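File shown: run_36.txt. Contents: compact mmCIF, C-alpha atoms.
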# COMPACT_ATOMS: atom_id res chain seq x y z
CA MET Z 22 0.00 0.00 0.00
CA ARG Z 23 2.81 2.38 0.93
CA PHE Z 24 4.56 1.45 -2.31
CA LEU Z 25 1.51 2.53 -4.27
CA SER Z 26 1.71 6.01 -2.76
CA TYR Z 27 5.25 6.49 -4.13
CA LEU Z 28 4.08 5.43 -7.55
CA ILE Z 29 1.14 7.85 -7.46
CA LEU Z 30 3.37 10.62 -6.16
CA GLY Z 31 5.71 9.96 -9.07
CA VAL Z 32 2.80 10.23 -11.54
CA PHE Z 33 1.83 13.51 -9.86
CA PHE Z 34 5.43 14.76 -10.17
CA GLY Z 35 5.65 13.71 -13.83
CA ILE Z 36 2.45 15.56 -14.70
CA ILE Z 37 3.63 18.70 -12.86
CA MET Z 38 6.99 18.69 -14.66
CA PHE Z 39 5.41 18.19 -18.07
CA LYS Z 40 2.45 20.52 -17.65
CA SER Z 41 4.50 23.34 -16.12
CA GLU Z 42 6.90 22.96 -19.07
CA ALA Z 43 9.82 22.70 -16.63
CA ALA Z 44 10.70 19.60 -18.67
CA SER Z 45 10.93 21.59 -21.90
CA TRP Z 46 14.33 22.37 -23.39
CA PHE Z 47 12.88 25.69 -24.57
CA ARG Z 48 11.98 26.76 -21.04
CA ILE Z 49 15.47 25.94 -19.76
CA TYR Z 50 17.05 27.87 -22.63
CA GLU Z 51 14.71 30.79 -21.96
CA MET Z 52 15.61 30.69 -18.25
CA PHE Z 53 19.35 30.92 -18.96
CA GLN Z 54 18.62 33.78 -21.36
CA PHE Z 55 16.59 35.53 -18.62
CA GLY Z 56 13.73 35.65 -21.12
CA SER Z 57 10.88 34.86 -18.72
CA PHE Z 58 10.01 34.72 -15.04
CA HIS Z 59 8.35 31.31 -15.47
CA MET Z 60 11.15 28.95 -14.31
CA TYR Z 61 12.31 31.36 -11.60
CA GLY Z 62 8.72 31.50 -10.38
CA ILE Z 63 8.44 27.70 -10.21
CA ILE Z 64 11.70 27.18 -8.32
CA GLY Z 65 11.30 30.35 -6.23
CA SER Z 66 7.74 29.64 -5.08
CA ALA Z 67 8.60 26.00 -4.31
CA VAL Z 68 11.57 27.13 -2.21
CA ILE Z 69 9.70 29.87 -0.34
CA ILE Z 70 6.86 27.51 0.56
CA GLY Z 71 9.45 24.84 1.33
CA ILE Z 72 11.37 27.09 3.74
CA ILE Z 73 8.19 28.12 5.57
CA GLY Z 74 7.01 24.51 5.80
CA VAL Z 75 10.35 23.12 6.98
CA GLN Z 76 10.61 25.83 9.66
CA PHE Z 77 7.10 24.93 10.77
CA ILE Z 78 7.99 21.21 10.90
CA LYS Z 79 11.07 21.99 13.02
CA LYS Z 80 9.27 24.39 15.35
CA LYS Z 81 6.41 21.97 16.00
CA ASN Z 82 8.82 19.01 15.95
CA LEU Z 83 6.50 17.13 13.59
CA LYS Z 84 7.22 13.45 12.97
CA THR Z 85 6.71 11.19 9.97
CA ILE Z 86 3.59 9.02 9.79
CA ASP Z 87 5.68 6.25 11.40
CA GLN Z 88 6.56 8.61 14.26
CA GLN Z 89 10.18 8.86 13.11
CA GLU Z 90 12.33 11.96 12.77
CA MET Z 91 11.99 13.72 9.41
CA GLN Z 92 14.96 13.39 7.09
CA LEU Z 93 16.14 16.98 7.37
CA ASN Z 94 19.79 16.33 8.12
CA PRO Z 95 22.36 19.05 7.49
CA LYS Z 96 24.73 18.41 4.61
CA ASP Z 97 28.50 18.23 5.14
CA PHE Z 98 30.10 21.54 4.40
CA SER Z 99 32.61 22.00 1.61
CA ILE Z 100 32.80 24.27 -1.39
CA SER Z 101 34.69 22.58 -4.20
CA GLY Z 102 32.54 19.44 -4.59
CA TYR Z 103 29.26 21.32 -4.62
CA LEU Z 104 30.57 24.08 -6.86
CA ILE Z 105 32.49 21.99 -9.42
CA GLY Z 106 29.82 19.31 -9.46
CA GLY Z 107 27.16 21.98 -9.74
CA ILE Z 108 28.86 23.63 -12.71
CA ILE Z 109 29.22 20.29 -14.52
CA PHE Z 110 25.56 19.55 -13.83
CA GLY Z 111 24.54 23.00 -15.09
CA LEU Z 112 26.41 22.49 -18.37
CA GLY Z 113 24.50 19.26 -18.97
CA TRP Z 114 21.19 20.69 -17.78
CA ALA Z 115 21.39 23.54 -20.29
CA LEU Z 116 22.58 21.28 -23.12
CA THR Z 117 19.87 18.63 -22.76
CA GLY Z 118 17.29 20.93 -21.19
CA ALA Z 119 16.62 18.12 -18.75
CA CYS Z 120 17.63 17.42 -15.19
CA PRO Z 121 17.32 13.79 -14.03
CA GLY Z 122 13.56 13.87 -13.35
CA PRO Z 123 12.48 15.34 -16.68
CA MET Z 124 14.68 12.86 -18.60
CA PHE Z 125 12.35 10.09 -17.48
CA VAL Z 126 9.20 12.21 -17.71
CA LEU Z 127 10.06 13.06 -21.33
CA PHE Z 128 10.83 9.47 -22.18
CA GLY Z 129 7.36 8.59 -20.93
CA ALA Z 130 5.94 11.51 -22.90
CA GLY Z 131 7.06 9.83 -26.11
CA PHE Z 132 10.52 11.19 -26.85
CA PRO Z 133 12.61 8.04 -27.36
CA THR Z 134 15.90 9.94 -27.84
CA LEU Z 135 15.83 10.77 -24.14
CA LEU Z 136 16.92 7.18 -23.65
CA ILE Z 137 20.33 8.22 -25.01
CA VAL Z 138 20.44 11.07 -22.47
CA ILE Z 139 19.51 8.62 -19.69
CA ILE Z 140 22.27 6.23 -20.79
CA GLY Z 141 24.67 9.17 -20.72
CA ALA Z 142 23.52 10.09 -17.21
CA LEU Z 143 24.02 6.51 -15.99
CA LEU Z 144 27.51 6.48 -17.53
CA GLY Z 145 28.27 9.81 -15.86
CA THR Z 146 27.11 8.48 -12.49
CA PHE Z 147 29.19 5.32 -12.98
CA VAL Z 148 32.35 7.23 -13.94
CA TYR Z 149 31.89 9.52 -10.95
CA GLY Z 150 31.73 6.47 -8.69
CA ILE Z 151 35.00 5.19 -10.16
CA LEU Z 152 36.81 8.54 -9.93
CA LYS Z 153 35.33 9.72 -6.64
CA LYS Z 154 38.47 9.06 -4.56
CA HIS Z 155 40.63 11.16 -6.88
CA LEU Z 156 38.35 14.19 -7.15
CA PRO Z 157 38.53 17.27 -4.91
CA HIS Z 158 35.54 17.53 -2.57
CA MET S 140 -12.24 21.60 -20.76
CA ASN S 141 -9.72 23.71 -22.65
CA TRP S 142 -7.94 24.69 -19.46
CA ILE S 143 -6.55 21.21 -19.12
CA TYR S 144 -4.50 21.67 -22.29
CA GLU S 145 -3.12 25.01 -21.17
CA PRO S 146 0.32 25.03 -19.52
CA TRP S 147 0.27 25.31 -15.76
CA PRO S 148 1.49 28.67 -14.48
CA TRP S 149 4.46 28.85 -12.10
CA TYR S 150 2.28 29.69 -9.10
CA ILE S 151 0.52 26.33 -9.49
CA ALA S 152 3.59 24.23 -10.33
CA GLY S 153 5.94 25.63 -7.65
CA PRO S 154 3.56 25.03 -4.72
CA LEU S 155 2.73 21.54 -6.06
CA LEU S 156 6.44 20.69 -6.14
CA ALA S 157 6.75 21.90 -2.54
CA LEU S 158 3.76 19.68 -1.71
CA THR S 159 5.49 16.68 -3.32
CA MET S 160 8.52 17.33 -1.12
CA PHE S 161 6.39 17.60 2.05
CA ILE S 162 4.48 14.39 1.34
CA LEU S 163 7.80 12.56 0.89
CA LEU S 164 9.09 14.05 4.16
CA PHE S 165 5.99 12.84 5.99
CA LEU S 166 6.53 9.40 4.48
CA GLY S 167 10.05 9.47 5.94
CA LYS S 168 11.88 10.08 2.64
CA THR S 169 13.70 12.93 0.97
CA PHE S 170 12.89 14.37 -2.43
CA GLY S 171 15.93 13.71 -4.62
CA PHE S 172 15.58 12.22 -8.06
CA SER S 173 19.19 11.71 -9.14
CA SER S 174 19.84 9.13 -6.39
CA ASN S 175 17.95 6.79 -8.70
CA LEU S 176 20.82 6.92 -11.20
CA ARG S 177 23.19 5.60 -8.53
CA THR S 178 20.69 2.91 -7.54
CA MET S 179 20.34 1.83 -11.17
CA CYS S 180 24.14 1.56 -11.46
CA THR S 181 24.14 -0.59 -8.31
CA ILE S 182 21.45 -2.88 -9.71
CA GLY S 183 23.49 -3.13 -12.91
CA GLY S 184 26.45 -4.48 -10.94
CA ALA S 185 28.55 -1.30 -10.53
CA GLY S 186 29.42 -2.41 -6.97
CA LYS S 187 32.07 -4.64 -8.52
CA PHE S 188 33.95 -1.57 -9.69
CA SER S 189 33.54 0.93 -6.86
CA SER S 190 32.43 0.82 -3.23
CA PHE S 191 30.42 3.95 -4.03
CA PHE S 192 27.84 1.60 -5.51
CA LYS S 193 27.85 -0.91 -2.66
CA ILE S 194 24.55 0.23 -1.24
CA ASP S 195 21.47 -1.68 -0.22
CA TRP S 196 19.36 -0.76 -3.23
CA LYS S 197 16.23 -2.23 -1.64
CA GLN S 198 16.25 0.84 0.62
CA GLN S 199 15.81 2.88 -2.54
CA GLN S 200 12.91 0.91 -4.02
CA TRP S 201 10.48 3.65 -3.07
CA ASN S 202 12.44 6.14 -5.20
CA LEU S 203 12.49 3.76 -8.18
CA LEU S 204 8.71 3.53 -7.90
CA PHE S 205 8.60 7.31 -7.87
CA LEU S 206 10.69 7.20 -11.08
CA ILE S 207 8.35 4.70 -12.75
CA GLY S 208 5.46 6.94 -11.71
CA SER S 209 7.13 9.95 -13.32
CA VAL S 210 7.43 8.06 -16.64
CA LEU S 211 3.70 7.28 -16.45
CA GLY S 212 2.97 10.89 -15.51
CA GLY S 213 4.85 12.08 -18.59
CA PHE S 214 2.88 9.66 -20.75
CA LEU S 215 -0.47 10.79 -19.32
CA ALA S 216 0.35 14.50 -19.52
CA ALA S 217 1.64 14.36 -23.09
CA ASN S 218 -1.15 12.16 -24.46
CA PHE S 219 -4.24 13.39 -22.66
CA MET S 220 -3.50 16.78 -21.14
CA SER S 221 -1.44 18.80 -23.56
CA ASN S 222 -1.21 20.22 -27.05
CA ASN S 223 2.57 19.72 -26.78
CA THR S 224 3.80 23.14 -27.74
CA VAL S 225 5.64 25.57 -25.50
CA GLU S 226 4.97 29.28 -25.92
CA ILE S 227 8.18 30.94 -24.88
CA ASN S 228 9.10 34.61 -25.14
CA PRO S 229 8.90 35.62 -28.87
CA LYS S 230 12.26 37.39 -28.55
CA ILE S 231 13.83 34.12 -27.45
CA ILE S 232 12.20 32.28 -30.38
CA GLU S 233 13.78 34.83 -32.71
CA LYS S 234 17.14 34.50 -30.97
CA LEU S 235 17.03 30.70 -31.29
CA SER S 236 16.26 30.96 -34.97
CA LYS S 237 18.93 33.60 -35.68
CA ASP S 238 21.78 32.54 -33.40
CA LEU S 239 21.43 28.76 -33.21
CA ASN S 240 19.42 27.96 -36.33
CA ILE S 241 16.76 26.25 -34.21
CA GLN S 242 13.49 27.04 -35.99
CA SER S 243 11.02 25.12 -33.85
CA GLY S 244 10.59 27.67 -31.04
CA GLY S 245 6.92 28.05 -30.08
CA GLU S 246 5.88 25.05 -32.18
CA ALA S 247 7.15 22.03 -30.26
CA TYR S 248 7.72 20.78 -26.73
CA LEU S 249 11.36 19.88 -27.51
CA PRO S 250 13.39 21.08 -30.50
CA PRO S 251 13.43 18.29 -33.12
CA GLU S 252 16.79 19.76 -34.22
CA ILE S 253 18.23 18.07 -31.09
CA PHE S 254 15.72 15.40 -30.07
CA ASP S 255 14.22 14.01 -33.26
CA ILE S 256 14.79 10.29 -33.73
CA SER S 257 16.54 10.99 -37.06
CA ASN S 258 19.41 12.54 -35.07
CA LEU S 259 20.40 9.03 -34.07
CA THR S 260 21.64 8.45 -37.59
CA SER S 261 24.38 11.06 -37.19
CA PRO S 262 27.30 10.58 -34.76
CA THR S 263 27.22 14.24 -33.68
CA GLY S 264 23.52 13.95 -32.87
CA ILE S 265 24.10 10.95 -30.60
CA ILE S 266 27.26 12.35 -29.03
CA LEU S 267 25.52 15.60 -28.10
CA LEU S 268 22.74 13.74 -26.25
CA LEU S 269 25.20 11.34 -24.66
CA ILE S 270 27.59 14.05 -23.43
CA GLY S 271 24.72 16.16 -22.13
CA GLY S 272 23.40 13.22 -20.13
CA PHE S 273 26.89 12.33 -18.95
CA LEU S 274 27.46 15.85 -17.56
CA VAL S 275 24.11 15.74 -15.74
CA GLY S 276 24.80 12.32 -14.18
CA PHE S 277 28.43 13.04 -13.28
CA GLY S 278 27.69 16.54 -11.99
CA ALA S 279 24.65 15.50 -9.97
CA ARG S 280 26.62 12.88 -8.02
CA TYR S 281 29.68 15.12 -7.66
CA ALA S 282 27.46 17.87 -6.26
CA GLY S 283 25.55 15.35 -4.15
CA GLY S 284 22.18 16.09 -5.71
CA CYS S 285 20.25 17.64 -8.57
CA THR S 286 17.52 20.22 -8.94
CA SER S 287 15.12 18.35 -6.65
CA GLY S 288 17.68 17.41 -4.00
CA HIS S 289 19.51 20.73 -3.82
CA ALA S 290 17.37 23.48 -5.35
CA ILE S 291 14.12 22.31 -3.74
CA SER S 292 14.88 20.06 -0.72
CA GLY S 293 18.24 21.60 0.23
CA LEU S 294 17.32 25.26 -0.12
CA SER S 295 14.04 24.64 1.74
CA ASN S 296 16.16 23.33 4.62
CA LEU S 297 18.44 26.40 4.36
CA GLN S 298 21.50 24.35 3.47
CA ILE S 299 24.49 26.48 2.40
CA PRO S 300 26.02 23.55 0.44
CA SER S 301 22.81 23.41 -1.61
CA LEU S 302 23.05 27.12 -2.29
CA ILE S 303 26.63 26.63 -3.51
CA ALA S 304 25.46 23.76 -5.74
CA VAL S 305 22.59 25.82 -7.17
CA ILE S 306 24.97 28.71 -7.90
CA GLY S 307 27.12 26.12 -9.68
CA PHE S 308 24.07 24.92 -11.70
CA PHE S 309 23.59 28.49 -12.90
CA ILE S 310 27.25 29.15 -13.68
CA GLY S 311 27.30 25.95 -15.76
CA GLY S 312 24.00 26.71 -17.46
CA LEU S 313 24.95 30.27 -18.36
CA LEU S 314 28.32 29.09 -19.65
CA MET S 315 26.66 26.50 -21.87
CA VAL S 316 23.98 28.78 -23.28
CA HIS S 317 26.05 31.93 -23.76
CA VAL S 318 29.53 30.61 -24.52
CA LEU S 319 29.29 27.03 -25.77
CA PHE S 320 25.96 27.01 -27.69
CA PRO S 321 27.23 29.46 -30.35
CA LEU S 322 30.17 27.08 -30.88
CA ILE S 323 28.09 23.87 -30.91
CA PHE S 324 25.12 24.90 -33.06
Could you quickly redo this structure as structure tokens?
Amino acid sequence: MRFLSYLILGVFFGIIMFKSEAASWFRIYEMFQFGSFHMYGIIGSAVIIGIIGVQFIKKKNLKTIDQQEMQLNPKDFSISGYLIGGIIFGLGWALTGACPGPMFVLFGAGFPTLLIVIIGALLGTFVYGILKKHLPH
Amino acid sequence: MNWIYEPWPWYIAGPLLALTMFILLFLGKTFGFSSNLRTMCTIGGAGKFSSFFKIDWKQQQWNLLFLIGSVLGGFLAANFMSNNTVEINPKIIEKLSKDLNIQSGGEAYLPPEIFDISNLTSPTGIILLLIGGFLVGFGARYAGGCTSGHAISGLSNLQIPSLIAVIGFFIGGLLMVHVLFPLIF
């Protein structure tokens, strides 16, 4: 039963990404050209509501439905890993117009060439795993 | 019923994404899509090559279900809820046509110049898609997360590392669009 909720939530997510056009290459290009508020509005409003909600969860010390602590752990601090990794990610995001979620959403939407992008992303993840020890973090 | 075919405005989509994150939090999970790529490598046997992939992938089954759901969501949205065009800023359509020779602005969901199946017959077409995906996969793991994990979950939790990552996303994106695109296309 719990498994079904993740599946439904995924469907919900896929519809949001497609219908908001956040999965469109054109919207990502337009964002990096500062041609519209649309993408900034999506990310910005999600973050503002997210910040308010997370603060509320912390203040009220809300628990998960299984009465566990929420997974809101602080991330380890460093600059180079986040920055270099982020820049590499951004290059790929702008080129394909797709971050990991939309790759799969678009494949489902009937764009078979996204399978090549997904294979690329899996290769990238694999190569990172191999090189991890040698990279600055 | 025409409204269903219209694109959803940002003030609908953004709050719904926040809602997705909160539901996952209440289910005891964190919203982060790119972890699935690592899990898929693990399932494919990548643990033989690096301890980075020696994880108990069964712990990540929920996220794989979320992924399968997102594929279904894309299918439903594209086939029953959309006219599959994206109306971007007309100035940007003109810029695409003039600077990059991409003529499909305003008429398609994705530019066929990059994503049409016929591109698979040319090596440059395949390499472009493959390299783009590679950068996303490599960068997401290097940065410890993607747009959902850092830009939405991380920033909502006021994580400075996520802010650094998101700044990186934008540096990379701007570099690609303003410096590299004129060289590639």
How would you write as a VMD selection string the residues that get within 12 Å of (22.0, 14.4, 4.4) in the file's frame, counting all atoms listed in the file?
(chain Z and resid 91 to 98) or (chain S and resid 168 to 171 283 to 284 288 to 289 292 to 293 296 298 300 to 301)
Taking all atoms of region 197-215 of chain S that the file lists, what box with edges along x, y and z, padded by 3 Å per side, do you get, with centre and edge lengths in Å to one decimal, as lines of an AutoDock Vina configuration file?
center_x = 7.9
center_y = 4.9
center_z = -10.1
size_x = 22.7
size_y = 20.3
size_z = 27.4
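Take the candidates S:Ala290, S:Ile323, S:Cys285, S:Ala279 and check each one against Ile109 (chain Z) using only C-alpha atoms; the shortest distance goes to S:Ala279.
Those DNA, RNA and protein residues that approach the point (32.3, 6.2, -10.6) to within 10 Å, considering all atoms listed in the file, are Leu143, Leu144, Gly145, Thr146, Phe147, Val148, Tyr149, Gly150, Ile151, Leu152, Lys153 and Lys154 of chain Z; Arg177, Cys180, Ala185, Gly186, Phe188, Ser189, Ser190, Phe191, Phe192, Phe277, Arg280 and Tyr281 of chain S.
For the atom pair formed by CA of Val225 (chain S) and CA of Gly107 (chain Z), the distance is 26.9 Å, given to one decimal.
Nearest to Pro148 (chain S) of all the residues Z:Ala43, Z:Ile105, Z:Leu127, Z:Leu135 is Z:Ala43, counting all atoms listed in the file.
Rounded to one decimal, CA of Gly153 (chain S) and CA of Val68 (chain Z) lie 8.0 Å from each other.
Counting from CA of Ile256 (chain S), the distance to CA of Thr178 (chain S) is 27.8 Å.
Proximity of Z:Trp46, Z:Thr117, Z:Gly131, Z:Gly106 to Gly264 (chain S), computed with only C-alpha atoms, is greatest for Z:Thr117.
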Extract, using all atoms listed in the file, all DNA, RNA and protein residues at most 9 Å from region 83-89 of chain Z, discarding same-chain residues fewer than 5 positions from it, and format them as a count of residues only.
6
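Counting all atoms listed in the file, the residue from S:Ala157, S:Ile265, S:Leu319, S:Gly245 that sits nearest to Glu233 (chain S) is S:Gly245.
The shortest atom-to-atom distance to Val75 (chain Z), with only C-alpha atoms taken into account, belongs to S:Ile162 out of S:Trp147, S:Ile162, S:Phe214, S:Lys187.
Once Leu25 (chain Z) and its same-chain neighbours fewer than 6 positions away are set aside, Gly31 and Val32 of chain Z; Gln200, Trp201, Asn202, Leu203, Leu204, Phe205, Ile207 and Gly208 of chain S remain within 12 Å of it when counting only C-alpha atoms.
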Using only C-alpha atoms, which residues of region 245-310 of chain S come within 12 Å of region 51-54 of chain Z, and what is the closest atom pair for each, with the distance in Å to one decimal? Give it as JSON lines, sorted by chain and residue number.
{"residue": "S:Gly245", "atom": "CA", "partner": "Z:Glu51", "partner_atom": "CA", "distance": 11.6}
{"residue": "S:Phe308", "atom": "CA", "partner": "Z:Phe53", "partner_atom": "CA", "distance": 10.5}
{"residue": "S:Phe309", "atom": "CA", "partner": "Z:Phe53", "partner_atom": "CA", "distance": 7.8}
{"residue": "S:Ile310", "atom": "CA", "partner": "Z:Phe53", "partner_atom": "CA", "distance": 9.7}
Between S:Thr263, S:Ser221, S:Ser257, S:Ser209, which one has atoms that come closest to chain Z, using all atoms listed in the file?
S:Ser209
List the spatial neighbours of Leu156 (chain S) as a PyMOL selection string - criterion: any atom at most 12 Å away, only C-alpha atoms, same-chain residues fewer than 5 positions off excluded.
(chain Z and resi 30-31+33-38+41+43+62-71) or (chain S and resi 149-151+161-163+170-171+286-288+290-292+295)
Reconstruct N, CA and C atoms of region 180-199 of chain S; output as a PDB file, in the frame of the given file.
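Contents of the output file rebuild31.pdb:
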ATOM      1  N   CYS S 180      22.782   2.059 -11.244  1.00  0.00           N
ATOM      2  CA  CYS S 180      24.140   1.560 -11.460  1.00  0.00           C
ATOM      3  C   CYS S 180      24.401   0.370 -10.531  1.00  0.00           C
ATOM      4  N   THR S 181      23.959   0.492  -9.281  1.00  0.00           N
ATOM      5  CA  THR S 181      24.140  -0.590  -8.310  1.00  0.00           C
ATOM      6  C   THR S 181      23.447  -1.865  -8.786  1.00  0.00           C
ATOM      7  N   ILE S 182      22.206  -1.720  -9.235  1.00  0.00           N
ATOM      8  CA  ILE S 182      21.450  -2.880  -9.710  1.00  0.00           C
ATOM      9  C   ILE S 182      22.142  -3.502 -10.919  1.00  0.00           C
ATOM     10  N   GLY S 183      22.780  -2.643 -11.735  1.00  0.00           N
ATOM     11  CA  GLY S 183      23.490  -3.130 -12.910  1.00  0.00           C
ATOM     12  C   GLY S 183      24.832  -3.766 -12.598  1.00  0.00           C
ATOM     13  N   GLY S 184      25.217  -3.789 -11.319  1.00  0.00           N
ATOM     14  CA  GLY S 184      26.450  -4.480 -10.940  1.00  0.00           C
ATOM     15  C   GLY S 184      27.654  -3.574 -10.757  1.00  0.00           C
ATOM     16  N   ALA S 185      27.430  -2.243 -10.644  1.00  0.00           N
ATOM     17  CA  ALA S 185      28.550  -1.300 -10.530  1.00  0.00           C
ATOM     18  C   ALA S 185      29.326  -1.466  -9.215  1.00  0.00           C
ATOM     19  N   GLY S 186      28.729  -2.165  -8.243  1.00  0.00           N
ATOM     20  CA  GLY S 186      29.420  -2.410  -6.970  1.00  0.00           C
ATOM     21  C   GLY S 186      30.717  -3.181  -7.144  1.00  0.00           C
ATOM     22  N   LYS S 187      30.843  -3.895  -8.251  1.00  0.00           N
ATOM     23  CA  LYS S 187      32.070  -4.640  -8.520  1.00  0.00           C
ATOM     24  C   LYS S 187      33.236  -3.708  -8.828  1.00  0.00           C
ATOM     25  N   PHE S 188      32.923  -2.499  -9.236  1.00  0.00           N
ATOM     26  CA  PHE S 188      33.950  -1.570  -9.690  1.00  0.00           C
ATOM     27  C   PHE S 188      34.268  -0.470  -8.685  1.00  0.00           C
ATOM     28  N   SER S 189      33.308  -0.138  -7.835  1.00  0.00           N
ATOM     29  CA  SER S 189      33.540   0.930  -6.860  1.00  0.00           C
ATOM     30  C   SER S 189      32.639   0.732  -5.652  1.00  0.00           C
ATOM     31  N   SER S 190      33.220   0.973  -4.459  1.00  0.00           N
ATOM     32  CA  SER S 190      32.430   0.820  -3.230  1.00  0.00           C
ATOM     33  C   SER S 190      31.319   1.869  -3.155  1.00  0.00           C
ATOM     34  N   PHE S 191      31.457   2.916  -3.973  1.00  0.00           N
ATOM     35  CA  PHE S 191      30.420   3.950  -4.030  1.00  0.00           C
ATOM     36  C   PHE S 191      29.059   3.342  -4.365  1.00  0.00           C
ATOM     37  N   PHE S 192      29.093   2.228  -5.086  1.00  0.00           N
ATOM     38  CA  PHE S 192      27.840   1.600  -5.510  1.00  0.00           C
ATOM     39  C   PHE S 192      27.429   0.419  -4.628  1.00  0.00           C
ATOM     40  N   LYS S 193      28.220   0.180  -3.579  1.00  0.00           N
ATOM     41  CA  LYS S 193      27.850  -0.910  -2.660  1.00  0.00           C
ATOM     42  C   LYS S 193      26.835  -0.377  -1.661  1.00  0.00           C
ATOM     43  N   ILE S 194      25.621  -0.234  -2.122  1.00  0.00           N
ATOM     44  CA  ILE S 194      24.550   0.230  -1.240  1.00  0.00           C
ATOM     45  C   ILE S 194      23.428  -0.798  -1.284  1.00  0.00           C
ATOM     46  N   ASP S 195      22.612  -0.776  -0.247  1.00  0.00           N
ATOM     47  CA  ASP S 195      21.470  -1.680  -0.220  1.00  0.00           C
ATOM     48  C   ASP S 195      20.349  -1.042  -1.053  1.00  0.00           C
ATOM     49  N   TRP S 196      20.292  -1.454  -2.316  1.00  0.00           N
ATOM     50  CA  TRP S 196      19.360  -0.760  -3.230  1.00  0.00           C
ATOM     51  C   TRP S 196      17.896  -0.978  -2.844  1.00  0.00           C
ATOM     52  N   LYS S 197      17.628  -1.997  -2.044  1.00  0.00           N
ATOM     53  CA  LYS S 197      16.230  -2.230  -1.640  1.00  0.00           C
ATOM     54  C   LYS S 197      15.697  -1.052  -0.815  1.00  0.00           C
ATOM     55  N   GLN S 198      16.634  -0.361  -0.123  1.00  0.00           N
ATOM     56  CA  GLN S 198      16.250   0.840   0.620  1.00  0.00           C
ATOM     57  C   GLN S 198      15.769   1.953  -0.303  1.00  0.00           C
ATOM     58  N   GLN S 199      16.115   1.832  -1.577  1.00  0.00           N
ATOM     59  CA  GLN S 199      15.810   2.880  -2.540  1.00  0.00           C
ATOM     60  C   GLN S 199      14.646   2.502  -3.460  1.00  0.00           C
TER      61      GLN S 199
END
